[in-house]
>>> print(open('data_13.cif').read())   # mmCIF, C-alpha atoms and all ligand atoms
data_upload
#
loop_
_atom_site.label_atom_id
_atom_site.label_comp_id
_atom_site.auth_asym_id
_atom_site.auth_seq_id
_atom_site.Cartn_x
_atom_site.Cartn_y
_atom_site.Cartn_z
CA THR A 161 -9.67 86.09 -67.93
CA GLY A 162 -9.04 84.74 -64.47
CA ALA A 163 -7.26 81.63 -63.32
CA ALA A 164 -10.51 79.74 -62.73
CA THR A 165 -11.33 80.08 -66.43
CA VAL A 166 -8.04 78.58 -67.45
CA VAL A 167 -8.63 75.59 -65.23
CA ALA A 168 -12.09 75.01 -66.67
CA ALA A 169 -10.91 75.39 -70.25
CA GLU A 170 -8.01 73.02 -69.74
CA ALA A 171 -10.22 70.43 -68.10
CA ALA A 172 -12.52 70.59 -71.09
CA THR A 173 -9.65 69.87 -73.51
CA LEU A 174 -8.87 66.49 -72.00
CA PRO A 175 -9.81 63.54 -74.20
CA ALA A 176 -13.23 62.12 -73.39
CA THR A 177 -12.09 58.63 -72.50
CA GLY A 178 -11.95 56.70 -69.27
CA ALA A 179 -13.35 57.11 -65.78
CA ALA A 180 -10.79 59.72 -64.74
CA THR A 181 -12.10 62.04 -67.44
CA VAL A 182 -15.64 61.76 -66.10
CA VAL A 183 -14.41 63.05 -62.77
CA THR A 184 -12.57 65.88 -64.50
CA ALA A 185 -15.59 66.78 -66.59
CA GLN A 186 -17.70 66.90 -63.47
CA ALA A 187 -15.22 69.19 -61.74
CA SER A 188 -15.12 71.45 -64.75
CA ALA A 189 -18.89 71.43 -65.02
CA LEU A 190 -19.21 72.64 -61.45
CA ALA A 191 -16.88 75.58 -61.76
CA ALA A 192 -18.41 79.02 -62.07
CA PRO A 193 -15.95 81.07 -64.09
CA GLY A 194 -15.26 83.60 -61.34
CA ILE A 195 -15.92 86.60 -63.54
CA GLU A 196 -19.15 88.41 -64.31
CA ASP A 197 -19.09 87.82 -68.05
CA GLU A 198 -16.69 85.19 -69.33
CA GLY A 199 -17.33 86.13 -72.95
CA ALA A 200 -16.78 89.87 -72.60
CA ASP A 201 -13.82 89.65 -75.00
CA CYS A 202 -15.74 87.79 -77.73
CA VAL A 203 -16.17 89.61 -81.03
CA VAL A 204 -19.91 89.48 -81.63
CA PRO A 205 -21.11 90.21 -85.18
CA ALA A 206 -23.61 93.03 -85.75
CA LEU A 207 -26.98 92.15 -84.25
CA PRO A 208 -30.07 92.21 -86.44
CA ASP A 209 -32.30 95.31 -86.45
CA ALA A 210 -35.67 95.01 -84.77
CA GLY A 211 -37.33 95.83 -88.10
CA SER A 212 -35.74 93.00 -90.07
CA LEU A 213 -36.30 90.02 -87.80
CA PRO A 214 -37.82 86.94 -89.44
CA THR A 215 -40.88 85.26 -87.94
CA ASN A 216 -40.11 81.92 -86.33
CA ALA A 217 -42.81 80.10 -84.38
CA MET A 218 -40.22 77.57 -83.18
CA LEU A 219 -37.68 78.12 -80.43
CA PRO A 220 -34.51 79.50 -82.01
CA ASP A 221 -31.58 77.07 -82.22
CA PRO A 222 -29.33 77.84 -79.23
CA PHE A 223 -26.34 76.27 -81.00
CA LYS A 224 -26.64 78.39 -84.15
CA LYS A 225 -24.35 81.38 -84.29
CA LEU A 226 -25.29 84.77 -85.70
CA ASN A 227 -23.23 83.91 -88.79
CA GLY A 228 -25.59 81.01 -89.51
CA THR A 229 -23.25 78.12 -88.68
CA ARG A 230 -23.68 75.87 -85.65
CA ILE A 231 -21.10 75.44 -82.95
CA SER A 232 -19.41 72.06 -83.04
CA THR A 233 -17.10 72.15 -80.01
CA THR A 234 -17.61 72.96 -76.33
CA SER A 235 -15.08 75.79 -76.50
CA GLU A 236 -17.29 77.64 -78.99
CA TRP A 237 -20.12 77.86 -76.44
CA ARG A 238 -18.42 80.70 -74.58
CA CYS A 239 -18.76 83.14 -77.47
CA ARG A 240 -22.11 81.74 -78.67
CA ARG A 241 -23.32 82.45 -75.14
CA GLU A 242 -22.14 86.02 -75.52
CA GLU A 243 -24.24 86.36 -78.69
CA ILE A 244 -27.29 85.20 -76.75
CA LYS A 245 -26.44 87.67 -73.98
CA LYS A 246 -26.23 90.56 -76.44
CA LEU A 247 -29.50 89.57 -78.14
CA ALA A 248 -31.21 89.27 -74.77
CA GLU A 249 -29.98 92.71 -73.78
CA LYS A 250 -30.98 94.33 -77.05
CA PHE A 251 -34.44 92.83 -77.44
CA VAL A 252 -35.63 91.65 -74.03
CA TYR A 253 -34.11 93.10 -70.87
CA GLY A 254 -32.04 96.13 -71.86
CA GLU A 255 -28.31 96.53 -71.49
CA LYS A 256 -26.43 95.62 -68.35
CA PRO A 257 -23.49 98.02 -68.14
CA PRO A 258 -20.14 96.53 -67.10
CA LYS A 259 -18.69 97.10 -63.63
CA PRO A 260 -18.75 100.85 -62.85
CA ALA A 261 -15.53 102.83 -62.45
CA THR A 262 -15.61 102.65 -58.66
CA VAL A 263 -17.38 100.18 -56.39
CA THR A 264 -16.65 100.27 -52.67
CA GLY A 265 -18.42 98.96 -49.60
CA THR A 266 -18.31 96.87 -46.49
CA VAL A 267 -19.29 93.38 -45.37
CA SER A 268 -20.19 92.73 -41.72
CA ASN A 269 -21.98 89.92 -39.89
CA THR A 270 -25.26 91.80 -40.32
CA ASN A 271 -24.93 94.09 -43.31
CA ILE A 272 -23.40 94.79 -46.72
CA THR A 273 -23.05 98.34 -47.98
CA VAL A 274 -22.45 99.23 -51.62
CA ASN A 275 -21.24 102.59 -52.98
CA VAL A 276 -20.94 103.14 -56.70
CA ASN A 277 -19.32 106.00 -58.61
CA HIS A 278 -19.41 106.30 -62.36
CA ASN A 279 -19.12 109.22 -64.77
CA GLY A 280 -19.52 111.77 -62.00
CA ARG A 281 -22.64 110.15 -60.57
CA SER A 282 -22.91 108.14 -57.40
CA SER A 283 -25.40 105.96 -55.58
CA SER A 284 -25.52 103.64 -52.58
CA PHE A 285 -27.61 100.83 -51.21
CA SER A 286 -27.31 98.17 -48.54
CA ALA A 287 -28.50 94.63 -47.82
CA GLY A 288 -28.98 92.72 -44.58
CA VAL A 289 -26.93 89.61 -43.77
CA GLN A 290 -27.98 86.61 -41.66
CA LEU A 291 -25.23 84.07 -41.09
CA PRO A 292 -25.79 80.36 -40.59
CA SER A 293 -24.36 78.64 -37.54
CA GLY A 294 -20.78 77.45 -37.71
CA THR A 295 -17.52 79.04 -38.68
CA GLY A 296 -17.11 81.19 -41.76
CA PRO A 297 -16.34 82.29 -44.34
CA PHE A 298 -19.74 81.21 -45.62
CA PRO A 299 -21.33 80.92 -49.01
CA ALA A 300 -24.39 83.15 -49.36
CA VAL A 301 -27.75 83.18 -51.09
CA VAL A 302 -29.12 86.55 -52.13
CA VAL A 303 -32.85 86.50 -51.33
CA LEU A 304 -34.97 89.05 -53.14
CA GLY A 305 -37.90 90.66 -51.41
CA GLY A 306 -38.18 88.39 -48.38
CA PHE A 307 -41.06 86.09 -49.29
CA GLY A 308 -41.44 82.71 -50.93
CA ALA A 309 -37.87 81.58 -50.29
CA ASP A 310 -37.20 79.08 -47.50
CA THR A 311 -34.54 81.10 -45.70
CA ALA A 312 -34.49 78.72 -42.73
CA ALA A 313 -33.64 75.83 -45.06
CA ILE A 314 -30.97 77.92 -46.77
CA ARG A 315 -29.23 78.70 -43.49
CA ALA A 316 -29.65 75.16 -42.20
CA ALA A 317 -27.82 73.99 -45.34
CA GLY A 318 -24.85 76.16 -44.40
CA ALA A 319 -25.31 79.33 -46.45
CA ALA A 320 -25.80 82.89 -45.25
CA VAL A 321 -28.84 84.85 -46.42
CA ILE A 322 -28.34 88.26 -47.98
CA ASN A 323 -31.64 90.14 -47.83
CA TYR A 324 -31.67 92.23 -50.97
CA ASP A 325 -34.27 94.89 -51.59
CA PRO A 326 -34.47 95.12 -55.38
CA TYR A 327 -36.55 98.28 -55.17
CA ALA A 328 -33.56 100.18 -53.76
CA VAL A 329 -31.86 99.55 -57.11
CA GLY A 330 -34.87 99.69 -59.46
CA ARG A 331 -38.16 100.93 -58.08
CA GLU A 332 -41.57 99.69 -59.22
CA GLY A 333 -44.48 102.01 -59.94
CA THR A 334 -42.55 104.44 -62.10
CA PRO A 335 -43.21 105.23 -65.76
CA ARG A 336 -40.65 103.97 -68.27
CA ASN A 337 -39.38 107.48 -68.92
CA ASN A 338 -38.73 108.19 -65.25
CA LYS A 339 -37.20 105.05 -63.75
CA GLN A 340 -35.79 105.39 -60.24
CA GLY A 341 -33.38 103.64 -57.89
CA ALA A 342 -29.61 103.25 -57.50
CA PHE A 343 -29.15 101.89 -61.04
CA TYR A 344 -31.02 104.75 -62.65
CA SER A 345 -29.25 107.36 -60.49
CA ILE A 346 -26.10 106.26 -62.32
CA TYR A 347 -27.40 105.45 -65.80
CA GLY A 348 -30.30 107.89 -66.00
CA ALA A 349 -34.06 107.85 -65.41
CA THR A 350 -34.69 107.39 -69.12
CA SER A 351 -32.40 104.35 -69.43
CA SER A 352 -34.13 101.73 -71.59
CA THR A 353 -32.84 98.98 -69.29
CA GLY A 354 -35.69 97.30 -67.39
CA LEU A 355 -35.95 96.67 -63.67
CA LEU A 356 -34.95 92.98 -63.86
CA MET A 357 -31.61 93.91 -65.39
CA ALA A 358 -31.19 96.81 -62.97
CA TRP A 359 -31.71 94.33 -60.13
CA SER A 360 -29.10 92.09 -61.77
CA TRP A 361 -26.62 94.97 -61.83
CA GLY A 362 -27.27 95.56 -58.13
CA VAL A 363 -26.46 91.97 -57.16
CA SER A 364 -23.32 92.10 -59.29
CA ARG A 365 -22.18 95.13 -57.30
CA ILE A 366 -22.86 93.26 -54.04
CA ILE A 367 -20.60 90.47 -55.32
CA ASP A 368 -17.95 93.08 -56.23
CA VAL A 369 -17.98 94.23 -52.60
CA ILE A 370 -17.78 90.66 -51.28
CA GLU A 371 -14.82 90.04 -53.62
CA GLN A 372 -13.08 93.16 -52.32
CA SER A 373 -13.76 92.34 -48.66
CA ASN A 374 -11.18 90.44 -46.66
CA GLY A 375 -13.09 87.22 -47.18
CA THR A 376 -13.45 86.28 -43.52
CA ILE A 377 -17.27 86.50 -43.45
CA LEU A 378 -18.56 85.65 -46.92
CA ARG A 379 -16.96 83.70 -49.75
CA ALA A 380 -16.96 85.49 -53.08
CA ASP A 381 -16.84 82.24 -55.07
CA ALA A 382 -20.06 80.78 -53.71
CA THR A 383 -23.00 83.10 -54.29
CA GLY A 384 -26.55 81.98 -55.01
CA VAL A 385 -29.75 83.89 -55.71
CA THR A 386 -33.45 83.20 -55.21
CA GLY A 387 -36.83 84.89 -55.07
CA CYS A 388 -40.50 84.21 -55.83
CA SER A 389 -42.91 85.64 -58.39
CA ARG A 390 -41.71 89.06 -59.64
CA PHE A 391 -38.58 88.30 -57.62
CA GLY A 392 -38.42 84.92 -59.36
CA LYS A 393 -38.24 86.85 -62.63
CA GLY A 394 -35.50 88.88 -60.94
CA ALA A 395 -33.57 85.83 -59.71
CA PHE A 396 -33.70 84.31 -63.22
CA VAL A 397 -32.22 87.40 -64.87
CA ILE A 398 -29.74 88.11 -62.05
CA GLY A 399 -28.24 84.61 -62.28
CA ALA A 400 -28.18 84.55 -66.07
CA PHE A 401 -26.18 87.76 -66.33
CA ASP A 402 -23.48 87.22 -63.73
CA GLN A 403 -21.40 84.09 -64.14
CA ARG A 404 -19.96 84.51 -60.65
CA ILE A 405 -23.33 83.29 -59.40
CA ALA A 406 -22.89 79.57 -58.86
CA LEU A 407 -26.52 78.68 -58.11
CA THR A 408 -29.78 80.33 -59.17
CA MET A 409 -33.17 79.29 -57.80
CA PRO A 410 -36.12 81.16 -59.32
CA ILE A 411 -39.54 80.35 -57.82
CA GLU A 412 -42.88 80.66 -59.68
CA SER A 413 -41.48 83.42 -61.91
CA GLY A 414 -44.27 83.63 -64.50
CA SER A 415 -44.32 85.83 -67.60
CA ALA A 416 -41.07 87.79 -68.05
CA GLY A 417 -39.36 85.05 -66.03
CA ALA A 418 -38.67 81.48 -67.08
CA PRO A 419 -41.64 80.66 -69.39
CA ILE A 420 -40.88 80.69 -73.11
CA PHE A 421 -42.37 83.88 -74.56
CA ARG A 422 -43.68 81.91 -77.53
CA GLY A 423 -45.73 79.63 -75.28
CA ILE A 424 -47.35 82.27 -73.11
CA PRO A 425 -50.24 83.29 -75.41
CA GLY A 426 -51.29 79.70 -76.15
CA GLU A 427 -51.08 78.66 -72.52
CA GLY A 428 -53.15 81.59 -71.33
CA ALA A 429 -50.48 82.85 -68.95
CA GLN A 430 -50.16 86.53 -68.02
CA SER A 431 -49.98 88.13 -71.43
CA LEU A 432 -46.76 89.66 -72.66
CA SER A 433 -48.40 93.08 -72.93
CA SER A 434 -49.70 92.76 -69.37
CA ALA A 435 -46.28 91.80 -68.02
CA TYR A 436 -44.62 94.51 -70.10
CA GLY A 437 -47.11 97.12 -68.95
CA GLU A 438 -47.58 96.18 -65.30
CA GLN A 439 -44.08 97.30 -64.30
CA PRO A 440 -40.99 98.23 -66.33
CA TRP A 441 -39.54 94.78 -65.59
CA LEU A 442 -38.50 94.08 -69.17
CA GLY A 443 -36.49 96.53 -71.25
CA ASP A 444 -38.25 99.20 -73.28
CA ALA A 445 -37.27 97.43 -76.53
CA PHE A 446 -39.54 94.51 -75.70
CA SER A 447 -42.59 96.65 -76.60
CA THR A 448 -42.32 95.60 -80.24
CA PHE A 449 -42.76 91.91 -79.31
CA THR A 450 -45.68 92.02 -76.89
CA GLY A 451 -48.18 91.29 -79.69
CA ASN A 452 -46.08 88.60 -81.37
CA PRO A 453 -43.14 86.86 -79.69
CA ASN A 454 -42.39 84.87 -82.87
CA ARG A 455 -40.16 87.67 -84.13
CA LEU A 456 -37.90 87.44 -81.12
CA PRO A 457 -34.47 86.14 -82.20
CA ILE A 458 -34.16 84.36 -78.86
CA ASP A 459 -36.42 82.84 -76.22
CA THR A 460 -36.03 81.96 -72.56
CA HIS A 461 -34.70 78.43 -73.20
CA GLU A 462 -31.57 80.32 -74.26
CA ILE A 463 -31.58 82.32 -71.02
CA VAL A 464 -31.67 78.93 -69.28
CA ALA A 465 -28.75 77.93 -71.50
CA MET A 466 -26.79 80.99 -70.34
CA PHE A 467 -26.56 79.32 -66.93
CA ALA A 468 -24.90 76.17 -68.22
CA PRO A 469 -22.94 74.56 -66.65
CA ARG A 470 -23.71 76.49 -63.43
CA GLY A 471 -26.32 75.36 -60.91
CA LEU A 472 -29.92 76.16 -61.80
CA PHE A 473 -32.93 75.00 -59.77
CA ILE A 474 -36.20 76.30 -61.19
CA MET A 475 -39.21 75.85 -58.91
CA ASP A 476 -42.63 76.21 -60.45
CA ASN A 477 -46.34 76.00 -59.64
CA PRO A 478 -48.43 73.93 -62.07
CA HIS A 479 -51.70 74.89 -60.37
CA ILE A 480 -51.77 78.50 -61.61
CA ALA A 481 -52.05 78.79 -65.41
CA ASN A 482 -51.38 82.54 -65.18
CA LEU A 483 -47.78 81.64 -64.26
CA GLY A 484 -47.25 79.75 -67.52
CA PRO A 485 -45.91 76.55 -65.92
CA ARG A 486 -46.10 74.57 -69.17
CA SER A 487 -44.09 77.25 -70.96
CA ALA A 488 -41.59 77.35 -68.11
CA GLY A 489 -41.15 73.57 -68.33
CA VAL A 490 -40.43 73.84 -72.06
CA ALA A 491 -37.85 76.55 -71.34
CA ALA A 492 -36.13 74.17 -68.92
CA LEU A 493 -36.26 71.27 -71.37
CA GLY A 494 -34.88 73.41 -74.19
CA GLY A 495 -32.12 74.93 -72.06
CA ALA A 496 -31.27 71.51 -70.65
CA GLU A 497 -30.24 70.50 -74.18
CA VAL A 498 -27.33 72.92 -73.87
CA TYR A 499 -26.45 71.56 -70.43
CA LYS A 500 -26.44 68.08 -72.02
CA ALA A 501 -24.25 69.14 -74.92
CA LEU A 502 -21.76 70.61 -72.44
CA GLY A 503 -21.76 67.44 -70.34
CA ALA A 504 -23.49 69.12 -67.39
CA ALA A 505 -27.03 67.69 -67.54
CA GLY A 506 -26.87 66.97 -63.80
CA ASN A 507 -26.54 70.65 -62.93
CA ILE A 508 -30.09 71.72 -63.84
CA THR A 509 -33.20 70.91 -61.84
CA TYR A 510 -36.76 71.85 -62.70
CA TRP A 511 -39.47 70.94 -60.21
CA SER A 512 -43.18 71.64 -60.51
CA ASP A 513 -44.40 68.40 -58.95
CA ILE A 514 -45.98 69.99 -55.85
CA GLN A 515 -49.23 69.77 -53.87
CA ASP A 516 -50.00 73.20 -52.47
CA GLY A 517 -51.23 75.60 -55.18
CA ASN A 518 -50.83 78.78 -53.15
CA HIS A 519 -48.54 81.25 -54.88
CA CYS A 520 -45.12 81.47 -53.16
CA ALA A 521 -46.09 79.03 -50.40
CA ASN A 522 -43.34 77.40 -48.34
CA ARG A 523 -43.18 73.92 -49.88
CA ALA A 524 -42.03 70.74 -48.19
CA GLU A 525 -41.24 69.15 -51.58
CA TRP A 526 -38.54 71.68 -52.38
CA ARG A 527 -36.65 71.56 -49.11
CA THR A 528 -34.46 68.55 -49.94
CA PRO A 529 -33.53 69.58 -53.50
CA LEU A 530 -32.93 73.15 -52.27
CA GLN A 531 -30.48 71.94 -49.66
CA GLN A 532 -28.86 69.49 -52.08
CA ASN A 533 -28.30 72.28 -54.58
CA ILE A 534 -26.82 74.55 -51.90
CA GLN A 535 -24.54 71.78 -50.73
CA LYS A 536 -23.41 70.96 -54.25
CA PHE A 537 -22.88 74.43 -55.71
CA LEU A 538 -22.27 76.70 -52.70
CA VAL A 539 -21.01 74.70 -49.72
CA LYS A 540 -19.34 72.37 -52.26
CA THR A 541 -19.69 69.21 -50.26
CA GLY A 542 -22.57 67.57 -52.18
CA SER A 543 -22.86 65.92 -55.57
CA ALA A 544 -26.58 65.12 -56.00
CA ALA A 545 -27.59 65.01 -59.65
CA GLY A 546 -30.36 67.37 -60.72
CA SER A 547 -33.44 66.28 -62.64
CA ILE A 548 -36.37 67.64 -64.61
CA ARG A 549 -39.53 66.87 -62.69
CA ILE A 550 -42.55 68.42 -64.38
CA ALA A 551 -46.05 67.94 -62.93
CA ALA A 552 -48.25 65.83 -65.21
CA LYS A 553 -50.75 68.67 -65.64
CA ALA A 554 -48.08 71.05 -66.92
CA GLN A 555 -46.15 68.74 -69.27
CA GLY A 556 -44.96 70.43 -72.43
CA ASN A 557 -43.43 68.74 -75.44
CA LEU A 558 -40.09 70.17 -76.51
CA ALA A 559 -40.30 68.34 -79.84
CA GLN A 560 -43.27 70.52 -80.81
CA TRP A 561 -41.23 73.62 -80.16
CA ARG A 562 -37.99 72.91 -81.97
CA ASP A 563 -36.76 72.22 -85.46
CA TRP A 564 -33.15 71.62 -84.40
CA GLN A 565 -31.41 68.71 -82.77
CA THR A 566 -28.78 68.75 -80.08
CA PRO A 567 -25.28 68.34 -81.46
CA THR A 568 -22.57 66.17 -79.99
CA LEU A 569 -19.97 68.78 -79.28
CA GLY A 570 -16.33 67.91 -79.80
CA SER A 571 -13.76 68.65 -77.15
CA SER A 572 -12.19 72.08 -77.19
CA SER A 573 -8.90 70.78 -78.53
CA ASP A 574 -10.58 70.14 -81.90
CA THR A 575 -10.47 73.86 -82.66
CA ILE A 576 -6.94 74.54 -81.50
CA PRO A 577 -4.57 75.00 -84.41
CA PRO A 578 -1.25 73.15 -84.17
CA SER A 579 1.09 75.32 -82.15
CA THR A 580 3.86 76.99 -84.04
CA PRO A 581 7.03 78.44 -82.55
CA GLY A 582 6.45 81.86 -81.01
CA THR A 583 2.70 81.40 -80.50
CA PRO A 584 1.16 80.69 -77.12
CA ALA A 585 0.60 77.12 -75.97
CA ALA A 586 -2.64 75.53 -77.05
CA SER A 587 -4.29 75.64 -73.63
CA THR A 588 -3.54 79.34 -73.35
CA VAL A 589 -5.17 79.95 -76.73
CA THR A 590 -8.29 78.17 -75.52
CA ALA A 591 -8.38 79.96 -72.22
CA THR A 592 -8.24 83.38 -73.82
CA GLY A 593 -10.88 82.46 -76.34
CA ALA A 594 -8.79 82.79 -79.49
C1 LIG B 601 -45.84 86.12 -61.04
O1 LIG B 601 -45.33 87.39 -60.71
C2 LIG B 601 -46.14 88.53 -60.59
C3 LIG B 601 -47.09 88.68 -61.77
O2 LIG B 601 -46.34 88.75 -62.98
C4 LIG B 601 -47.90 89.97 -61.59
O3 LIG B 601 -48.87 90.09 -62.62
C5 LIG B 601 -48.58 90.02 -60.27
O4 LIG B 601 -49.14 91.32 -60.08
O5 LIG B 601 -47.64 89.82 -59.25
C6 LIG B 601 -46.93 88.60 -59.28
C7 LIG B 601 -46.10 88.66 -58.06
O6 LIG B 601 -45.02 89.23 -58.04
O7 LIG B 601 -46.68 88.23 -56.92
C8 LIG B 601 -46.02 88.35 -55.69
#
>>> encode(input="data_13.cif", output="C-alpha cells")
Amino acid sequence: TGAATVVAAEAATLPATGAATVVTAQASALAAPGIEDEGADCVVPALPDAGSLPTNAMLPDPFKKLNGTRISTTSEWRCRREEIKKLAEKFVYGEKPPKPATVTGTVSNTNITVNVNHNGRSSSFSAGVQLPSGTGPFPAVVVLGGFGADTAAIRAAGAAVINYDPYAVGREGTPRNNKQGAFYSIYGATSSTGLLMAWSWGVSRIIDVIEQSNGTILRADATGVTGCSRFGKGAFVIGAFDQRIALTMPIESGSAGAPIFRGIPGEGAQSLSSAYGEQPWLGDAFSTFTGNPNRLPIDTHEIVAMFAPRGLFIMDNPHIANLGPRSAGVAALGGAEVYKALGAAGNITYWSDIQDGNHCANRAEWRTPLQQNIQKFLVKTGSAAGSIRIAAKAQGNLAQWRDWQTPTLGSSSDTIPPSTPGTPAASTVTATGA
C-alpha cells in the first residue's frame, strides 16, 4: 500500500483524547487512500452462493463480517469494506477487473486520451478537458454525459471539468450477451459486468493516465465525479469502486443508483425489473433479485458506506416518486452510520430539499454545497461540515429498516499485538492490514 495509507492508518491509531486528536482525526478522515482499492490484499472468506441466501427484509448490518462477528475497531473497516465490495460485485454490479497490464495516454489542456492493453486485446477512448481560471495543476471533476451537473459552478470553485462519455466505455442499447464499448473490447461482449461498473473501470483508467502524466495540468490526488439520472447511477458506482476518487456527487440517480433496493417496491419507484431490463446497467447476476431484493446480502446503504470517509454529496429530487427519493434518503442515513462510526460524519451530505421538480434541472439550492464540497475535498481549502437534509415529503425512517445498532469502534491500536523482536513495528502492521 502507498504512503498515504500509512499516514491515514497511523493517524487513526492515536489515542482519542484532547483537541489535537480531533484535528488529526479530521485530517485522516479527509484523506483518500491514493489507491484504487485499499483492501485488495484482504483475505475475504468464500462468498455465499446465490441459491443459499437467507431472506432478510431489513438492511444488512454493514458492520457484520462474513464470518458472523462484528467489527469492533476502525482498522477492521478496511477489510470489511472489501467484503462489501466483493458482495456488490458478485450480486449487483458485476466484477471490476483490476488495473489492466498496460495503460497509457496523454493529458493536455483540452483532452485526455486513454489506451489500454490487456491479454492481447486493446482499446482506446478519450475525454474532453475544460480548465478553470488560474494556475494549475488543478483538481478535476469527471462529468458524465454532459447534463444535470452545474459545470460552471464546478469550474468557478476551482476544479477542471473532464467530460466523460460513458457510452464509449459501455454502450447502451445492446443485449446482455453482446455488450459493447472499450471495457467489453477488453473483457468480452459476454462479460457479466454491467455498464455502471464498466463506466467505473473507464474512470479508473482516466485516473491512471492522470497519475502517469507529469502532473502540471491535473492533480491525480483530487478527482471528483458527478452525473445525473442514469449518469447519477454511474457516478455512484464509479466513486464507490475507486478510492482515489475524493469526492462523488450523484444527482437524482433513481433505481440502480442510491435508493435502497429493499425500499424501491414499496415506494413505487422504477421497479428493479424495469431498471434491470431497460439497459444492462446492473450486472447479469442481479436478475435473480429483481422480484425480491430481500435475498440480497447487501443493499445500497453499504455502497454509501464504501465511500467513508471520502467526500460524498448525494443530490436528490423528492418530487418524482419514480426516482425513489425516500429509499435514497434511507440509503444515505444507513451509510452515514458507518461514516459516524469512523469519525467522519461531516464528510457526507444528502440534499433533497429543493423547489424545482424538473428532472436534472440546474438547481440554485445545490450551488453552495457543491462548491463547498469541491473546496473541501478537491481544492482542499475548505472545511464545511456536510449534513443530511431530506425534504419533508421524502423522509424515511432508518429505524424501520434496521435491526442493528451502530457500534463505537475502538482505535486501531486495540487490535495490534504487542510487538516482539524481529516483527515489524505496530504502525507498519496496521498499515499493511495484518
Ligand atoms: C433516473 O434515471 C433514468 C431512469 O432509470 C430510466 O428509467 C429513464 O429512462 O431514464 C432516466 C434517465 O437517465 O434520464 C435522463
>>> closest_residue(input="data_13.cif", among="A:Gln565, A:Ser413, A:Asn477, A:Asn452", to="ligand LIG 601 (chain B)", atoms="only C-alpha atoms and all ligand atoms")
A:Ser413
>>> residues_near_point(input="data_13.cif", point="(-30.5, 104.9, -63.3)", cutoff="12 Å", atoms="only C-alpha atoms", output="VMD selection string")
chain A and resid 255 to 257 276 278 281 to 284 328 to 331 336 to 355 357 to 359 361 to 362
>>> axis_aligned_box(input="data_13.cif", around="ligand LIG 601 (chain B)", padding_each_side="8 Å", output="AutoDock Vina command-line options")
--center_x -47.1 --center_y 88.7 --center_z -59.3 --size_x 20.1 --size_y 21.2 --size_z 23.3
>>> residues_near_ligand(input="data_13.cif", ligand="ligand LIG 601 (chain B)", cutoff="12 Å", atoms="only C-alpha atoms and all ligand atoms", output="VMD selection string")
chain A and resid 304 to 309 332 to 333 387 to 395 410 to 419 429 to 442 476 to 477 480 to 485 518 to 521
>>> closest_residue(input="data_13.cif", among="A:Pro478, A:Pro222, A:Pro326, A:Gly428", to="Asp563 of chain A", atoms="all atoms listed in the file")
A:Pro222
>>> closest_residue(input="data_13.cif", among="A:Ile398, A:Ala317, A:Ser360, A:Ala406", to="Thr541 of chain A", atoms="all atoms listed in the file")
A:Ala317
>>> atom_distance(input="data_13.cif", atom1="atom CA of Thr383 of chain A", atom2="atom CA of Gln515 of chain A")
29.4 Å
>>> closest_residue(input="data_13.cif", among="A:Phe285, A:Phe467, A:Phe223, A:Ile370", to="Gly399 of chain A", atoms="only C-alpha atoms")
A:Phe467
>>> closest_residue(input="data_13.cif", among="A:Thr376, A:Asn269, A:Ser364, A:Asn279", to="Gly296 of chain A", atoms="only C-alpha atoms")
A:Thr376
>>> closest_residue(input="data_13.cif", among="A:Arg241, A:Gly423, A:Thr215, A:Lys224", to="Val203 of chain A", atoms="all atoms listed in the file")
A:Arg241
